[in-house]
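Source file entry.pdb; content: PDB, C-alpha atoms.
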MODEL        1
ATOM      1  CA  MET A   1     -49.021  77.054 -54.519
ATOM      2  CA  LEU A   2     -48.601  80.490 -52.954
ATOM      3  CA  SER A   3     -51.555  82.780 -52.478
ATOM      4  CA  MET A   4     -51.430  86.120 -54.279
ATOM      5  CA  ARG A   5     -53.308  87.840 -51.441
ATOM      6  CA  ARG A   6     -50.292  87.346 -49.161
ATOM      7  CA  ILE A   7     -47.961  89.189 -51.518
ATOM      8  CA  PRO A   8     -47.493  92.840 -50.521
ATOM      9  CA  VAL A   9     -48.819  95.454 -52.916
ATOM     10  CA  LEU A  10     -45.996  96.556 -55.162
ATOM     11  CA  ARG A  11     -45.951  99.487 -57.547
ATOM     12  CA  THR A  12     -44.594  97.025 -60.096
ATOM     13  CA  PRO A  13     -46.516  93.772 -59.607
ATOM     14  CA  LEU A  14     -44.822  90.404 -59.884
ATOM     15  CA  PRO A  15     -45.541  88.459 -63.082
ATOM     16  CA  ALA A  16     -48.539  86.191 -63.318
ATOM     17  CA  ARG A  17     -48.254  82.813 -65.041
ATOM     18  CA  PRO A  18     -47.026  81.643 -67.466
ATOM     19  CA  SER A  19     -43.741  83.451 -68.092
ATOM     20  CA  PRO A  20     -41.035  85.398 -66.292
ATOM     21  CA  GLU A  21     -40.961  89.091 -67.150
ATOM     22  CA  PRO A  22     -38.422  91.904 -66.838
ATOM     23  CA  ARG A  23     -39.029  94.318 -63.955
ATOM     24  CA  ASP A  24     -37.290  97.594 -63.177
ATOM     25  CA  ALA A  25     -35.059  97.597 -60.128
ATOM     26  CA  GLY A  26     -34.929 100.674 -57.915
ATOM     27  CA  VAL A  27     -38.717 101.006 -57.600
ATOM     28  CA  ASP A  28     -39.975  98.523 -55.004
ATOM     29  CA  TRP A  29     -36.605  96.858 -54.548
ATOM     30  CA  ASP A  30     -32.965  96.807 -55.585
ATOM     31  CA  ALA A  31     -31.380  93.485 -56.460
ATOM     32  CA  VAL A  32     -28.090  92.027 -55.284
ATOM     33  CA  ARG A  33     -26.720  89.683 -57.947
ATOM     34  CA  LEU A  34     -24.185  86.995 -57.065
ATOM     35  CA  PRO A  35     -22.612  84.209 -59.087
ATOM     36  CA  ALA A  36     -24.174  80.894 -58.042
ATOM     37  CA  TYR A  37     -20.910  79.523 -56.573
ATOM     38  CA  LEU A  38     -21.057  82.331 -53.965
ATOM     39  CA  GLY A  39     -24.816  82.733 -53.873
ATOM     40  CA  ASP A  40     -25.505  79.154 -52.878
ATOM     41  CA  ARG A  41     -23.242  79.549 -49.853
ATOM     42  CA  VAL A  42     -24.852  82.877 -48.941
ATOM     43  CA  LEU A  43     -28.311  81.313 -49.254
ATOM     44  CA  ALA A  44     -27.309  78.493 -46.884
ATOM     45  CA  ARG A  45     -25.682  80.918 -44.452
ATOM     46  CA  LEU A  46     -28.723  83.222 -44.243
ATOM     47  CA  GLY A  47     -31.220  80.448 -43.547
ATOM     48  CA  ASP A  48     -34.447  81.958 -42.186
ATOM     49  CA  ASP A  49     -32.997  85.488 -42.385
ATOM     50  CA  CYS A  50     -33.469  85.267 -46.140
ATOM     51  CA  GLY A  51     -36.351  86.657 -48.184
ATOM     52  CA  ALA A  52     -37.227  85.415 -51.646
ATOM     53  CA  VAL A  53     -34.321  84.642 -54.011
ATOM     54  CA  ILE A  54     -34.365  84.368 -57.804
ATOM     55  CA  ARG A  55     -32.159  81.808 -59.557
ATOM     56  CA  ASP A  56     -31.102  82.096 -63.194
ATOM     57  CA  PRO A  57     -29.834  78.568 -63.937
ATOM     58  CA  TYR A  58     -28.684  79.474 -67.440
ATOM     59  CA  ALA A  59     -26.436  82.357 -66.335
ATOM     60  CA  HIS A  60     -25.563  80.702 -62.971
ATOM     61  CA  LEU A  61     -26.730  83.721 -60.962
ATOM     62  CA  LEU A  62     -28.786  84.367 -57.827
ATOM     63  CA  TYR A  63     -30.668  87.592 -57.054
ATOM     64  CA  TRP A  64     -31.731  88.879 -53.629
ATOM     65  CA  LEU A  65     -34.301  91.672 -53.464
ATOM     66  CA  ILE A  66     -33.621  94.359 -50.878
ATOM     67  CA  LYS A  67     -35.035  97.743 -49.898
ATOM     68  CA  PRO A  68     -34.013 100.349 -52.520
ATOM     69  CA  GLY A  69     -30.880 102.322 -51.692
ATOM     70  CA  THR A  70     -29.758 100.164 -48.759
ATOM     71  CA  ALA A  71     -26.750  98.766 -50.640
ATOM     72  CA  ASP A  72     -25.604 101.989 -52.282
ATOM     73  CA  ASP A  73     -22.385 102.101 -50.233
ATOM     74  CA  TRP A  74     -21.509  98.395 -50.454
ATOM     75  CA  SER A  75     -18.140  97.621 -51.965
ATOM     76  CA  PHE A  76     -16.712  94.294 -53.090
ATOM     77  CA  SER A  77     -13.733  93.382 -55.236
ATOM     78  CA  ASP A  78     -14.431  93.063 -58.951
ATOM     79  CA  GLU A  79     -13.332  89.422 -58.771
ATOM     80  CA  ALA A  80     -16.270  88.595 -56.471
ATOM     81  CA  GLN A  81     -18.687  89.618 -59.256
ATOM     82  CA  VAL A  82     -21.230  91.010 -56.778
ATOM     83  CA  ARG A  83     -23.462  93.570 -58.474
ATOM     84  CA  ILE A  84     -26.024  95.925 -56.973
ATOM     85  CA  LEU A  85     -28.856  96.567 -59.419
ATOM     86  CA  GLY A  86     -30.885  99.700 -58.719
ATOM     87  CA  LYS A  87     -32.465 102.429 -60.824
ATOM     88  CA  GLY A  88     -31.636 101.947 -64.481
ATOM     89  CA  SER A  89     -31.328  98.178 -64.082
ATOM     90  CA  CYS A  90     -33.761  95.429 -64.904
ATOM     91  CA  VAL A  91     -34.202  91.909 -63.484
ATOM     92  CA  VAL A  92     -36.141  89.049 -65.059
ATOM     93  CA  VAL A  93     -38.622  88.002 -62.365
ATOM     94  CA  PRO A  94     -40.416  84.649 -62.330
ATOM     95  CA  PRO A  95     -44.131  84.241 -61.672
ATOM     96  CA  VAL A  96     -44.997  84.100 -57.973
ATOM     97  CA  ASP A  97     -45.441  80.327 -57.847
ATOM     98  CA  CYS A  98     -42.586  79.289 -60.149
ATOM     99  CA  ASP A  99     -40.131  77.120 -58.213
ATOM    100  CA  ARG A 100     -38.499  75.323 -61.176
ATOM    101  CA  SER A 101     -37.785  76.506 -64.702
ATOM    102  CA  ALA A 102     -35.127  76.458 -67.380
ATOM    103  CA  VAL A 103     -35.190  80.255 -67.393
ATOM    104  CA  VAL A 104     -35.576  81.836 -63.921
ATOM    105  CA  TYR A 105     -37.365  80.617 -60.812
ATOM    106  CA  TRP A 106     -37.634  81.282 -57.078
ATOM    107  CA  ALA A 107     -34.737  79.414 -55.444
ATOM    108  CA  ARG A 108     -36.261  80.536 -52.151
ATOM    109  CA  PRO A 109     -39.965  81.183 -52.587
ATOM    110  CA  ILE A 110     -42.052  84.039 -51.288
ATOM    111  CA  VAL A 111     -43.297  82.822 -47.902
ATOM    112  CA  ASN A 112     -45.868  84.718 -45.838
ATOM    113  CA  GLY A 113     -45.523  87.659 -48.196
ATOM    114  CA  ARG A 114     -41.806  88.080 -47.528
ATOM    115  CA  ILE A 115     -40.052  89.192 -50.675
ATOM    116  CA  LEU A 116     -37.214  91.384 -49.395
ATOM    117  CA  THR A 117     -34.119  90.271 -47.530
ATOM    118  CA  SER A 118     -32.788  92.603 -44.831
ATOM    119  CA  SER A 119     -29.719  94.246 -46.265
ATOM    120  CA  TRP A 120     -27.410  94.069 -43.231
ATOM    121  CA  PRO A 121     -27.588  90.252 -42.752
ATOM    122  CA  LEU A 122     -27.182  89.820 -46.514
ATOM    123  CA  TYR A 123     -24.146  92.108 -46.594
ATOM    124  CA  ALA A 124     -22.568  90.284 -43.646
ATOM    125  CA  ALA A 125     -23.205  86.864 -45.236
ATOM    126  CA  VAL A 126     -21.728  87.948 -48.582
ATOM    127  CA  ARG A 127     -18.606  89.372 -46.869
ATOM    128  CA  THR A 128     -18.157  86.196 -44.813
ATOM    129  CA  VAL A 129     -18.537  83.900 -47.832
ATOM    130  CA  ILE A 130     -16.108  85.982 -49.910
ATOM    131  CA  ARG A 131     -13.528  86.035 -47.098
ATOM    132  CA  ALA A 132     -13.888  82.256 -46.615
ATOM    133  CA  GLY A 133     -13.282  81.739 -50.335
ATOM    134  CA  VAL A 134     -10.139  83.886 -50.235
ATOM    135  CA  ALA A 135      -8.806  81.983 -47.210
ATOM    136  CA  GLN A 136      -9.100  78.621 -48.987
TER     137      GLN A 136
ENDMDL
END
Please express what this file holds, its structure, as structure tokens.
Amino acid sequence: MLSMRRIPVLRTPLPARPSPEPRDAGVDWDAVRLPAYLGDRVLARLGDDCGAVIRDPYAHLLYWLIKPGTADDWSFSDEAQVRILGKGSCVVVPPVDCDRSAVVYWARPIVNGRILTSSWPLYAAVRTVIRAGVAQ
């Protein structure tokens, strides 16, 4: 179980047990949403360069949390289904220690207080995975 004292202080705290809760993007973080078929490859490619990642198994989506505004100029084809969720968007966030659920859970947990993924390595990994998919 993860310790709450290691989680950085956020203006919008992460949910406590028992249920996931919606949280506004664009405050403490923006979210990068990928379909699972791409997201799983990005997750593997990032390895230890990855912060916490949310998985929605029902919708087959993965969400990376990044510093607000750092993906504002990213551009991907509509077919890739990559979405940047900032102000005006909402993400359902699991409780801190939820690593399995039918709703949403942490596919990559919060470790040593690390929630955010650095945007540049994430961008590079997404571009590489999309290009590899096109080349197949």
Quick check on the file I pasted: which residues fall under the PyMOL selection byres ((chain A and resi 52) around 9)? Write them as number ranges by chain. A: 50-51, 53-54, 63-65, 106-111, 114-117
Can I get the selection written as a short mmCIF file (atom, residue, chain, number, x, y, z; two decimals), in the frame of the given file, with C-alpha atoms?
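Done, and the output landed in result_4.cif:
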data_model
loop_
_atom_site.label_atom_id
_atom_site.label_comp_id
_atom_site.auth_asym_id
_atom_site.auth_seq_id
_atom_site.Cartn_x
_atom_site.Cartn_y
_atom_site.Cartn_z
CA CYS A 50 -33.47 85.27 -46.14
CA GLY A 51 -36.35 86.66 -48.18
CA VAL A 53 -34.32 84.64 -54.01
CA ILE A 54 -34.36 84.37 -57.80
CA TYR A 63 -30.67 87.59 -57.05
CA TRP A 64 -31.73 88.88 -53.63
CA LEU A 65 -34.30 91.67 -53.46
CA TRP A 106 -37.63 81.28 -57.08
CA ALA A 107 -34.74 79.41 -55.44
CA ARG A 108 -36.26 80.54 -52.15
CA PRO A 109 -39.97 81.18 -52.59
CA ILE A 110 -42.05 84.04 -51.29
CA VAL A 111 -43.30 82.82 -47.90
CA ARG A 114 -41.81 88.08 -47.53
CA ILE A 115 -40.05 89.19 -50.68
CA LEU A 116 -37.21 91.38 -49.40
CA THR A 117 -34.12 90.27 -47.53
#
For the contact check between region 15-111 of chain A and region 126-130 of chain A, emit one row per residue of region 15-111 of chain A within 8 Å, containing the shortest atom pair and the distance in Å rounded to one decimal, counting only C-alpha atoms, chain then rising number order, as a tab-separated table.
residue	atom	partner	partner_atom	distance
A:Leu38	CA	A:Val129	CA	6.8
A:Arg41	CA	A:Val129	CA	6.7
A:Val42	CA	A:Val126	CA	6.0
A:Ala80	CA	A:Ile130	CA	7.1
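Rounded to one decimal, CA of Ala16 (chain A) and CA of Asp97 (chain A) lie 8.6 Å from each other.
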The PyMOL selection byres ((chain A and resi 85) around 8) - which residues does that actually catch in the file I just gave you? List them as a ChimeraX atom specification. /A:25-26,30-33,83-84,86-90
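Using the PyMOL selection byres ((chain A and resi 124) around 12) on this structure selects Val42, Arg45, Leu46, Asp49, Ala71, Trp74, Ser75, Phe76, Ser118, Ser119, Trp120, Pro121, Leu122, Tyr123, Ala125, Val126, Arg127, Thr128, Val129, Ile130 and Arg131 of chain A.
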Taking (-35.7, 74.9, -64.1) in the file's coordinates as the center, which residues reach within 12 Å of it, counting only C-alpha atoms, put as a ChimeraX atom specification? /A:20,54-58,60,94,98-107
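Reported to one decimal place, the separation of CA of Gly113 (chain A) from CA of Gln81 (chain A) is 29.1 Å.
Atom pair CA of Leu14 (chain A) / CA of Lys67 (chain A) has a distance of 15.8 Å (rounded to one decimal).
Shortest atom-to-atom contact with Pro18 (chain A) among A:Val96, A:Leu43, A:Ala36, A:Val82: A:Val96, counting only C-alpha atoms.
Counting all atoms listed in the file and comparing A:Val91, A:Asp72, A:Leu61, A:Ala44, the residue that lies closest to Asp24 (chain A) is A:Val91.
Counting only C-alpha atoms, the residue from A:Gly133, A:Gly47, A:Ile66, A:Asp40 that sits nearest to Asp28 (chain A) is A:Ile66.
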